[in-house]
Every structure is written in C-alpha cells, then in structure tokens.
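Pasting target.cif here (mmCIF, C-alpha atoms):
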data_model
loop_
_atom_site.label_atom_id
_atom_site.label_comp_id
_atom_site.auth_asym_id
_atom_site.auth_seq_id
_atom_site.Cartn_x
_atom_site.Cartn_y
_atom_site.Cartn_z
CA GLY L 1 -13.85 12.16 35.82
CA ASP L 2 -12.95 14.42 32.91
CA LEU L 3 -15.29 13.25 30.15
CA ALA L 4 -13.71 15.44 27.48
CA ALA L 5 -10.30 13.94 28.25
CA ALA L 6 -11.79 10.44 28.12
CA VAL L 7 -13.32 11.16 24.71
CA GLU L 8 -9.98 12.34 23.39
CA CYS L 9 -8.20 9.30 24.82
CA PHE L 10 -10.60 6.81 23.21
CA ARG L 11 -10.57 8.67 19.89
CA LYS L 12 -6.79 8.44 19.78
CA ALA L 13 -6.94 4.71 20.55
CA ILE L 14 -9.47 4.20 17.73
CA ALA L 15 -7.35 6.23 15.31
CA LEU L 16 -4.44 3.86 16.01
CA ALA L 17 -6.56 0.68 16.01
CA PRO L 18 -10.00 1.19 14.37
CA GLU L 19 -11.08 -2.38 15.19
CA LEU L 20 -10.53 -1.90 18.95
CA VAL L 21 -14.00 -2.87 20.21
CA ASP L 22 -13.44 -1.85 23.82
CA ALA L 23 -12.49 1.70 22.79
CA HIS L 24 -15.64 2.09 20.66
CA TYR L 25 -17.79 0.74 23.48
CA LYS L 26 -16.24 2.92 26.19
CA LEU L 27 -16.42 5.96 23.94
CA GLY L 28 -20.13 5.25 23.54
CA THR L 29 -20.62 5.11 27.31
CA VAL L 30 -18.83 8.44 27.72
CA TYR L 31 -20.97 10.05 25.02
CA GLN L 32 -24.10 8.59 26.62
CA ALA L 33 -23.12 9.95 30.04
CA SER L 34 -22.50 13.34 28.42
CA GLY L 35 -25.93 13.39 26.75
CA ARG L 36 -24.41 13.20 23.27
CA MET L 37 -26.83 10.53 22.16
CA ASP L 38 -26.24 10.49 18.40
CA GLU L 39 -22.50 10.11 18.92
CA ALA L 40 -23.15 7.38 21.49
CA ILE L 41 -25.27 5.50 18.96
CA SER L 42 -22.52 5.77 16.36
CA SER L 43 -19.90 4.47 18.79
CA PHE L 44 -21.99 1.51 19.98
CA GLU L 45 -22.84 0.64 16.37
CA ASN L 46 -19.12 0.60 15.59
CA ALA L 47 -18.60 -1.72 18.56
CA VAL L 48 -21.22 -4.24 17.41
CA ARG L 49 -19.98 -4.06 13.85
CA TYR L 50 -16.63 -5.38 15.01
CA GLN L 51 -18.17 -7.68 17.67
CA PRO L 52 -21.80 -8.57 16.85
CA ASP L 53 -22.27 -10.58 20.07
CA LEU L 54 -21.49 -7.63 22.37
CA GLY L 55 -24.74 -7.73 24.34
CA ASP L 56 -24.12 -4.65 26.48
CA ALA L 57 -23.64 -2.50 23.38
CA HIS L 58 -26.88 -3.84 21.88
CA TYR L 59 -28.68 -3.11 25.15
CA ASN L 60 -27.35 0.46 25.23
CA LEU L 61 -28.40 0.94 21.62
CA GLY L 62 -31.84 -0.31 22.56
CA THR L 63 -32.17 2.28 25.31
CA LEU L 64 -30.94 5.07 23.06
CA TRP L 65 -33.32 4.24 20.22
CA GLN L 66 -36.14 3.75 22.73
CA SER L 67 -35.53 7.27 24.08
CA LYS L 68 -35.93 8.53 20.51
CA ARG L 69 -39.18 6.53 20.10
CA GLN L 70 -37.59 4.59 17.24
CA TRP L 71 -39.36 1.37 18.11
CA ASP L 72 -38.05 -0.81 15.26
CA ALA L 73 -34.41 -0.03 15.99
CA ALA L 74 -34.95 -0.43 19.74
CA THR L 75 -36.63 -3.81 19.20
CA THR L 76 -33.80 -5.01 16.96
CA HIS L 77 -31.13 -4.22 19.54
CA TYR L 78 -33.02 -5.51 22.59
CA GLU L 79 -33.61 -8.78 20.75
CA ALA L 80 -29.91 -8.89 19.88
CA ALA L 81 -29.02 -8.29 23.53
CA ILE L 82 -31.30 -11.17 24.54
CA ALA L 83 -29.74 -13.39 21.87
CA CYS L 84 -26.38 -12.67 23.49
CA ASN L 85 -27.71 -13.34 26.99
CA GLU L 86 -31.09 -15.03 27.32
CA ASP L 87 -31.17 -14.13 31.03
CA ASP L 88 -30.97 -10.37 30.43
CA ALA L 89 -34.01 -9.33 32.46
CA ASP L 90 -33.46 -5.62 31.81
CA ALA L 91 -33.54 -6.18 28.06
CA TYR L 92 -36.77 -8.20 28.37
CA ASN L 93 -38.34 -5.46 30.51
CA ASN L 94 -37.41 -2.66 28.13
CA LEU L 95 -38.49 -4.73 25.12
CA GLY L 96 -41.83 -5.18 26.86
CA LEU L 97 -42.12 -1.40 27.27
CA VAL L 98 -41.39 -0.96 23.57
CA HIS L 99 -44.09 -3.49 22.66
CA ALA L 100 -46.50 -1.66 24.98
CA ALA L 101 -45.68 1.66 23.29
CA ARG L 102 -46.53 0.00 19.99
CA GLU L 103 -49.77 -1.30 21.54
CA ASP L 104 -48.71 -4.92 21.11
CA HIS L 105 -49.78 -5.80 24.62
CA GLU L 106 -49.64 -9.58 24.16
CA ALA L 107 -45.96 -9.35 23.25
CA ALA L 108 -45.41 -6.92 26.14
CA ALA L 109 -47.02 -9.33 28.61
CA THR L 110 -44.83 -12.17 27.34
CA CYS L 111 -41.71 -10.08 27.98
CA PHE L 112 -42.79 -9.09 31.48
CA HIS L 113 -43.59 -12.72 32.33
CA ARG L 114 -40.03 -13.56 31.26
CA VAL L 115 -38.62 -10.84 33.53
CA LEU L 116 -40.55 -12.26 36.46
CA ALA L 117 -39.33 -15.78 35.74
CA LEU L 118 -35.84 -14.36 36.16
CA ARG L 119 -36.59 -11.85 38.95
CA PRO L 120 -39.81 -12.81 40.79
CA ASP L 121 -39.66 -9.78 43.09
CA ASP L 122 -39.20 -7.16 40.37
CA VAL L 123 -41.74 -4.47 41.31
CA ASN L 124 -41.59 -2.69 37.96
CA ALA L 125 -42.14 -5.89 36.02
CA CYS L 126 -45.13 -6.82 38.22
CA ASN L 127 -46.66 -3.41 37.59
CA ASN L 128 -45.80 -3.42 33.89
CA LEU L 129 -47.43 -6.82 33.51
CA GLY L 130 -50.50 -5.52 35.34
CA ALA L 131 -50.66 -2.59 32.90
CA ALA L 132 -50.35 -4.88 29.85
CA LEU L 133 -53.10 -7.19 31.15
CA LEU L 134 -55.32 -4.16 31.76
CA GLN L 135 -54.96 -3.22 28.09
CA LEU L 136 -55.85 -6.81 27.17
CA ASN L 137 -58.98 -6.53 29.36
CA ARG L 138 -57.76 -9.39 31.55
CA LEU L 139 -58.82 -7.45 34.61
CA ASP L 140 -58.63 -10.08 37.36
CA GLU L 141 -55.08 -11.00 36.31
CA SER L 142 -54.17 -7.33 36.12
CA ILE L 143 -55.36 -6.69 39.67
CA ALA L 144 -53.40 -9.71 40.93
CA TRP L 145 -50.15 -8.34 39.50
CA CYS L 146 -50.84 -4.81 40.74
CA LYS L 147 -51.43 -6.26 44.20
CA ARG L 148 -48.18 -8.20 43.91
CA ALA L 149 -46.32 -4.97 43.07
CA LEU L 150 -47.91 -3.21 46.03
CA SER L 151 -47.08 -6.07 48.37
CA LEU L 152 -43.44 -5.57 47.40
CA GLN L 153 -43.57 -1.76 47.45
CA PRO L 154 -46.68 -0.31 49.12
CA ASP L 155 -45.97 3.23 47.87
CA CYS L 156 -45.54 2.24 44.21
CA ILE L 157 -47.32 5.13 42.50
CA ALA L 158 -47.68 3.42 39.11
CA ALA L 159 -49.22 0.31 40.67
CA HIS L 160 -51.80 2.36 42.57
CA ILE L 161 -52.69 4.18 39.33
CA ASN L 162 -53.01 0.91 37.41
CA MET L 163 -55.08 -0.62 40.21
CA GLY L 164 -57.38 2.41 40.10
CA ALA L 165 -57.70 2.10 36.33
CA VAL L 166 -58.70 -1.56 36.60
CA LEU L 167 -61.26 -0.81 39.30
CA LEU L 168 -62.62 2.05 37.18
CA LYS L 169 -63.02 -0.31 34.24
CA GLN L 170 -64.81 -2.78 36.53
CA LYS L 171 -67.14 0.06 37.56
CA ASN L 172 -65.96 -0.26 41.15
CA PHE L 173 -65.89 3.49 41.50
CA ALA L 174 -65.56 3.79 45.28
CA GLN L 175 -62.43 1.62 45.43
CA ALA L 176 -61.01 3.31 42.32
CA ILE L 177 -61.38 6.66 44.09
CA ASP L 178 -59.52 5.26 47.10
CA GLU L 179 -56.59 4.17 44.90
CA PHE L 180 -56.33 7.47 43.06
CA GLN L 181 -56.55 9.42 46.31
CA ARG L 182 -53.69 7.35 47.73
CA VAL L 183 -51.50 8.51 44.84
CA ILE L 184 -52.50 12.13 45.33
CA ALA L 185 -51.83 11.91 49.08
CA LEU L 186 -48.32 10.62 48.32
CA GLN L 187 -47.51 13.32 45.73
CA PRO L 188 -50.26 15.92 45.26
CA ASP L 189 -48.27 18.36 43.13
CA ASN L 190 -46.18 15.99 41.02
CA VAL L 191 -46.82 15.66 37.29
CA ASP L 192 -46.83 11.88 37.82
CA SER L 193 -50.16 12.38 39.61
CA VAL L 194 -51.92 13.65 36.47
CA GLU L 195 -53.25 10.16 35.69
CA ALA L 196 -54.54 9.87 39.25
CA TYR L 197 -56.40 13.17 38.97
CA THR L 198 -57.95 12.22 35.60
CA GLY L 199 -58.90 8.80 36.94
CA LEU L 200 -60.40 10.45 40.00
CA GLY L 201 -62.35 12.82 37.78
CA ALA L 202 -63.73 9.94 35.73
CA ALA L 203 -64.79 8.02 38.85
CA PHE L 204 -66.50 11.06 40.39
CA ALA L 205 -68.26 11.76 37.08
CA GLU L 206 -69.63 8.21 37.00
CA GLN L 207 -70.99 8.80 40.50
CA ARG L 208 -72.54 12.09 39.27
CA ARG L 209 -70.38 14.03 41.71
CA TYR L 210 -69.72 16.65 39.07
CA ALA L 211 -68.22 19.39 41.24
CA GLN L 212 -65.58 16.97 42.53
CA ALA L 213 -65.00 15.62 39.03
CA GLU L 214 -64.46 19.16 37.72
CA ALA L 215 -62.01 19.93 40.54
CA SER L 216 -60.07 16.74 39.82
CA TYR L 217 -59.75 17.47 36.10
CA MET L 218 -58.74 21.07 36.83
CA SER L 219 -56.00 19.77 39.15
CA ALA L 220 -54.72 17.58 36.31
CA ILE L 221 -54.67 20.58 33.96
CA ARG L 222 -52.87 22.67 36.59
CA LEU L 223 -50.06 20.09 36.57
CA GLN L 224 -50.15 19.46 32.80
CA ALA L 225 -51.89 22.13 30.74
CA ASP L 226 -51.90 20.00 27.58
CA CYS L 227 -53.58 16.98 29.18
CA ASP L 228 -56.14 16.12 26.51
CA VAL L 229 -57.78 13.48 28.72
CA ALA L 230 -58.55 16.09 31.37
CA HIS L 231 -59.98 18.58 28.87
CA ASN L 232 -62.15 15.84 27.36
CA GLY L 233 -63.27 14.80 30.84
CA LEU L 234 -64.23 18.38 31.64
CA GLY L 235 -66.24 18.50 28.43
CA LEU L 236 -68.17 15.44 29.53
CA VAL L 237 -68.75 16.82 33.03
CA TYR L 238 -70.01 20.14 31.66
CA SER L 239 -72.27 18.38 29.15
CA ARG L 240 -73.81 16.24 31.86
CA SER L 241 -74.26 19.39 33.96
CA LEU L 242 -76.02 21.03 30.96
CA ASN L 243 -73.30 23.72 30.73
CA PHE L 244 -72.90 23.27 27.00
CA GLU L 245 -70.94 26.47 26.36
CA ALA L 246 -68.20 25.34 28.76
CA ALA L 247 -68.39 21.82 27.31
CA VAL L 248 -67.78 23.09 23.78
CA GLU L 249 -64.76 25.08 24.97
CA SER L 250 -63.28 22.05 26.77
CA TYR L 251 -63.81 19.70 23.85
CA ARG L 252 -62.20 22.22 21.48
CA ARG L 253 -59.19 22.51 23.78
CA CYS L 254 -58.88 18.72 23.82
CA LEU L 255 -59.02 18.56 20.02
CA ALA L 256 -56.42 21.35 19.70
CA ILE L 257 -54.07 19.11 21.70
CA ASN L 258 -55.15 15.80 20.20
CA PRO L 259 -57.04 16.21 16.89
CA GLU L 260 -57.56 12.44 16.72
CA SER L 261 -59.63 12.23 19.92
CA SER L 262 -62.82 10.55 18.75
CA ALA L 263 -64.40 10.97 22.20
CA ALA L 264 -63.91 14.75 22.07
CA SER L 265 -65.19 14.92 18.47
CA VAL L 266 -68.37 13.06 19.39
CA GLY L 267 -68.77 15.09 22.59
CA LEU L 268 -68.34 18.37 20.69
CA PHE L 269 -70.94 17.33 18.11
CA HIS L 270 -73.53 16.63 20.80
CA ALA L 271 -72.65 19.71 22.88
CA GLN L 272 -73.18 22.00 19.86
CA ARG L 273 -76.62 20.59 19.03
#

Give the structure from this file in structure tokens form.
Amino acid sequence: GDLAAAVECFRKAIALAPELVDAHYKLGTVYQASGRMDEAISSFENAVRYQPDLGDAHYNLGTLWQSKRQWDAATTHYEAAIACNEDDADAYNNLGLVHAAREDHEAAATCFHRVLALRPDDVNACNNLGAALLQLNRLDESIAWCKRALSLQPDCIAAHINMGAVLLKQKNFAQAIDEFQRVIALQPDNVDSVEAYTGLGAAFAEQRRYAQAEASYMSAIRLQADCDVAHNGLGLVYSRSLNFEAAVESYRRCLAINPESSAASVGLFHAQR
C-alpha cells in the first residue's frame, strides 16, 4: 500500500497516545519495508520500551543491528526475542550467524543445534552447523551436516561450498574439486561462486595443476576484483611456478585489499628474496 500514508497515520496515533505499542511496532515495520533502517530501529526500541516482552520487535531489532554489523546490539535483541519465545528458531539461527561472525563457533554451533531440535529439516541450519563445525575442525561432523543439507536440497550452493572446504582441509583434493565444480556448473557467473573458484584454485594448486589453479583464481577475481583470497592464491601459484615478479604483484594486490593477511606478507617476503 501507500507507505508514506501509513507512516503519517501511525505518527498521528503516537502523537495522541505515545504509549501505544502497536503503533510504534507497525511504524517500525513500515520504516523497515521502506529501507529507513535508523527510523525503524528507533520505532522498535520505542515499542520494547513500553512492552519489554514484545519478542517480534526484539527480533526485528536483532536483524537491523545485524545488518549494521553491530554484533553486541544484535546479540542482546536476539537473546531477548528468545527469552520471550524459547521456540523462536529464526532468532536462534540468526544469533548463531552473529556468533559465527564474531568467530565464536562453539556458541554458533549450539544455536544451530537448537534450531534443528525445533526444525529438523531446516536446510540453512544444517549447512550453518556444518560451517561452524568446519571452523572448529570437527571435520567428520561437518561433512555429516553438509550431507544432510544436500539430502534435503541437492542444489544448495552453500552446502556444496562447505563440503568442498572440508574435503580440501582433509586433503581429499579430487572430491573437493568435484564439489566446487558442481557449484560453478550451477551458477558460473554469480558472485556467490567466488568461494567455489578460490577453493578450486587451492585444490588444483595442491595437485600442482598450476595453469588450472591460475584460471580458477582469475575467474574469482573477474567476479570480485577485491577478493584478497584469490590474489593471495595467485601469488602462491606464481611462486611455485617460479614466476616471482607476478607473485610479488599478486601478493601486493592482496595486501592492498587486506593489509592484515599474514599469508600474503609471508609470501611476499619469500617472493622478493
């Protein structure tokens, strides 16, 4: 409908009755739908100030703060949403993603397990749990959950990428290549395939198939020019191919994007010797 008219209507209601929780909440949803995120946050915060146990408002605040990468605020509101409704699987899932972003993968895995206790066939939760277990180096468990996600949704891109990453870490390069190539076959020119191309490059490099590794990393860069992982990978490929001039250039590009890349710093040091 007419969002501007809705905003005006709810503002008038609030002016007449400032404690009207429903008006604050609905105004927040209109602002959120309009992309006016700061105003949405203000409206939802007004709603929970008058009604602290309004779980939906806490959940919406969690998503808004999460989109701003404000992890503390997002955590606070997702936990409040769960306190209002302990069966809120969406809040558990998003809280898990926040924990993962903060690299607290144990806490993330706990949240995803809780989602799956509530929704056993949740593909995203299966894959998210697989990703968290990968970060915890619990590789067999990670593969099991990736396989579970793929049994539910065979074309789940993220699950194929995570499966490939686990296989790469297990040094099962041939099967890792198969997984990454499945992703690329499904969406060769989508930015979501960048991780598949970089994974493919890493697997080919480990097999000393340097021309294919270079092509894979270049494909990643074509889709995402500032992909530091791909530039670092190219540096490694060129170093192993004894093309040190190209290696130095690739490592420097990686460090221009991500100055904290220790792998690129070490690679650059050796390539310049």

Self-check item: Selection dump of the PyMOL selection byres ((chain L and resi 209) around 12), as a PyMOL selection string
Solution: chain L and resi 173-174+177+200-208+210-216+237-238+240-241

Quiz item: Expanded to explicit residues, what is the PyMOL selection byres ((chain L and resi 124) around 10) for this file, as number ranges by chain?
Solution: L: 93, 112, 115-116, 121-123, 125-130, 146, 149, 153, 156, 158-159

Self-check item: Between atom CA of His113 of chain L and atom CA of Asp56 of chain L - distance in Å to one decimal
Solution: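 Answer for the atom CA of Asp56 of chain L to atom CA of His113 of chain L separation: 21.9 Å.
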
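The shortest atom-to-atom distance to Asp178 of chain L, with all atoms listed in the file taken into account, belongs to L:Met163 out of L:Ala144, L:Met163, L:Ala74, L:Cys9.
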
What lies within 12 Å of Ile14 of chain L using all atoms listed in the file, ignoring chain neighbours under 3 positions off, as an mmCIF file with C-alpha atoms, keeping the file's coordinate frame?
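Just written: out_2.cif:
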data_model
loop_
_atom_site.group_PDB
_atom_site.id
_atom_site.type_symbol
_atom_site.label_atom_id
_atom_site.label_comp_id
_atom_site.auth_asym_id
_atom_site.auth_seq_id
_atom_site.Cartn_x
_atom_site.Cartn_y
_atom_site.Cartn_z
ATOM 1 C CA VAL L 7 -13.320 11.160 24.710
ATOM 2 C CA GLU L 8 -9.980 12.340 23.390
ATOM 3 C CA CYS L 9 -8.200 9.300 24.820
ATOM 4 C CA PHE L 10 -10.600 6.810 23.210
ATOM 5 C CA ARG L 11 -10.570 8.670 19.890
ATOM 6 C CA ALA L 17 -6.560 0.680 16.010
ATOM 7 C CA PRO L 18 -10.000 1.190 14.370
ATOM 8 C CA GLU L 19 -11.080 -2.380 15.190
ATOM 9 C CA LEU L 20 -10.530 -1.900 18.950
ATOM 10 C CA VAL L 21 -14.000 -2.870 20.210
ATOM 11 C CA ASP L 22 -13.440 -1.850 23.820
ATOM 12 C CA ALA L 23 -12.490 1.700 22.790
ATOM 13 C CA HIS L 24 -15.640 2.090 20.660
ATOM 14 C CA TYR L 25 -17.790 0.740 23.480
ATOM 15 C CA LYS L 26 -16.240 2.920 26.190
ATOM 16 C CA LEU L 27 -16.420 5.960 23.940
ATOM 17 C CA SER L 43 -19.900 4.470 18.790
ATOM 18 C CA ASN L 46 -19.120 0.600 15.590
ATOM 19 C CA ALA L 47 -18.600 -1.720 18.560
#

Quiz item: Near segment 95-108 of chain L, within 7 Å and counting only C-alpha atoms, which residues show up once chain neighbours fewer than 5 positions away are dropped, as a list in words?
Solution: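 After dropping sequence-adjacent residues, the list is Trp71, Thr75, Tyr78, Ala132, Gln135 and Leu136 of chain L.
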
Restricting it to C-alpha atoms, dump the selection as an mmCIF file, in the frame of the given file.
data_model
loop_
_atom_site.group_PDB
_atom_site.id
_atom_site.type_symbol
_atom_site.label_atom_id
_atom_site.label_comp_id
_atom_site.auth_asym_id
_atom_site.auth_seq_id
_atom_site.Cartn_x
_atom_site.Cartn_y
_atom_site.Cartn_z
ATOM 1 C CA TRP L 71 -39.360 1.370 18.110
ATOM 2 C CA THR L 75 -36.630 -3.810 19.200
ATOM 3 C CA TYR L 78 -33.020 -5.510 22.590
ATOM 4 C CA ALA L 132 -50.350 -4.880 29.850
ATOM 5 C CA GLN L 135 -54.960 -3.220 28.090
ATOM 6 C CA LEU L 136 -55.850 -6.810 27.170
#

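Take atom CA of Leu255 of chain L and atom CA of Asn232 of chain L: the distance between them is 8.4 Å.
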
Quiz prompt | Interatomic distance (Å, one decimal) between atom CA of Gly62 of chain L and atom CA of Leu3 of chain L | solution = 22.7 Å

Exercise. Identify, on the basis of all atoms listed in the file, every residue whose closest approach to Ile257 of chain L does not exceed 9 Å; exclude the query and any residue fewer than 6 positions from it along the same chain; express the result as a ChimeraX atom specification.
Key: /L:226-228

Exercise. Taking the file above as input, evaluate the PyMOL selection byres ((chain L and resi 87) around 12) and report the hits as a PyMOL selection string.
Key: chain L and resi 55+79+81-86+88-93+111+114-119
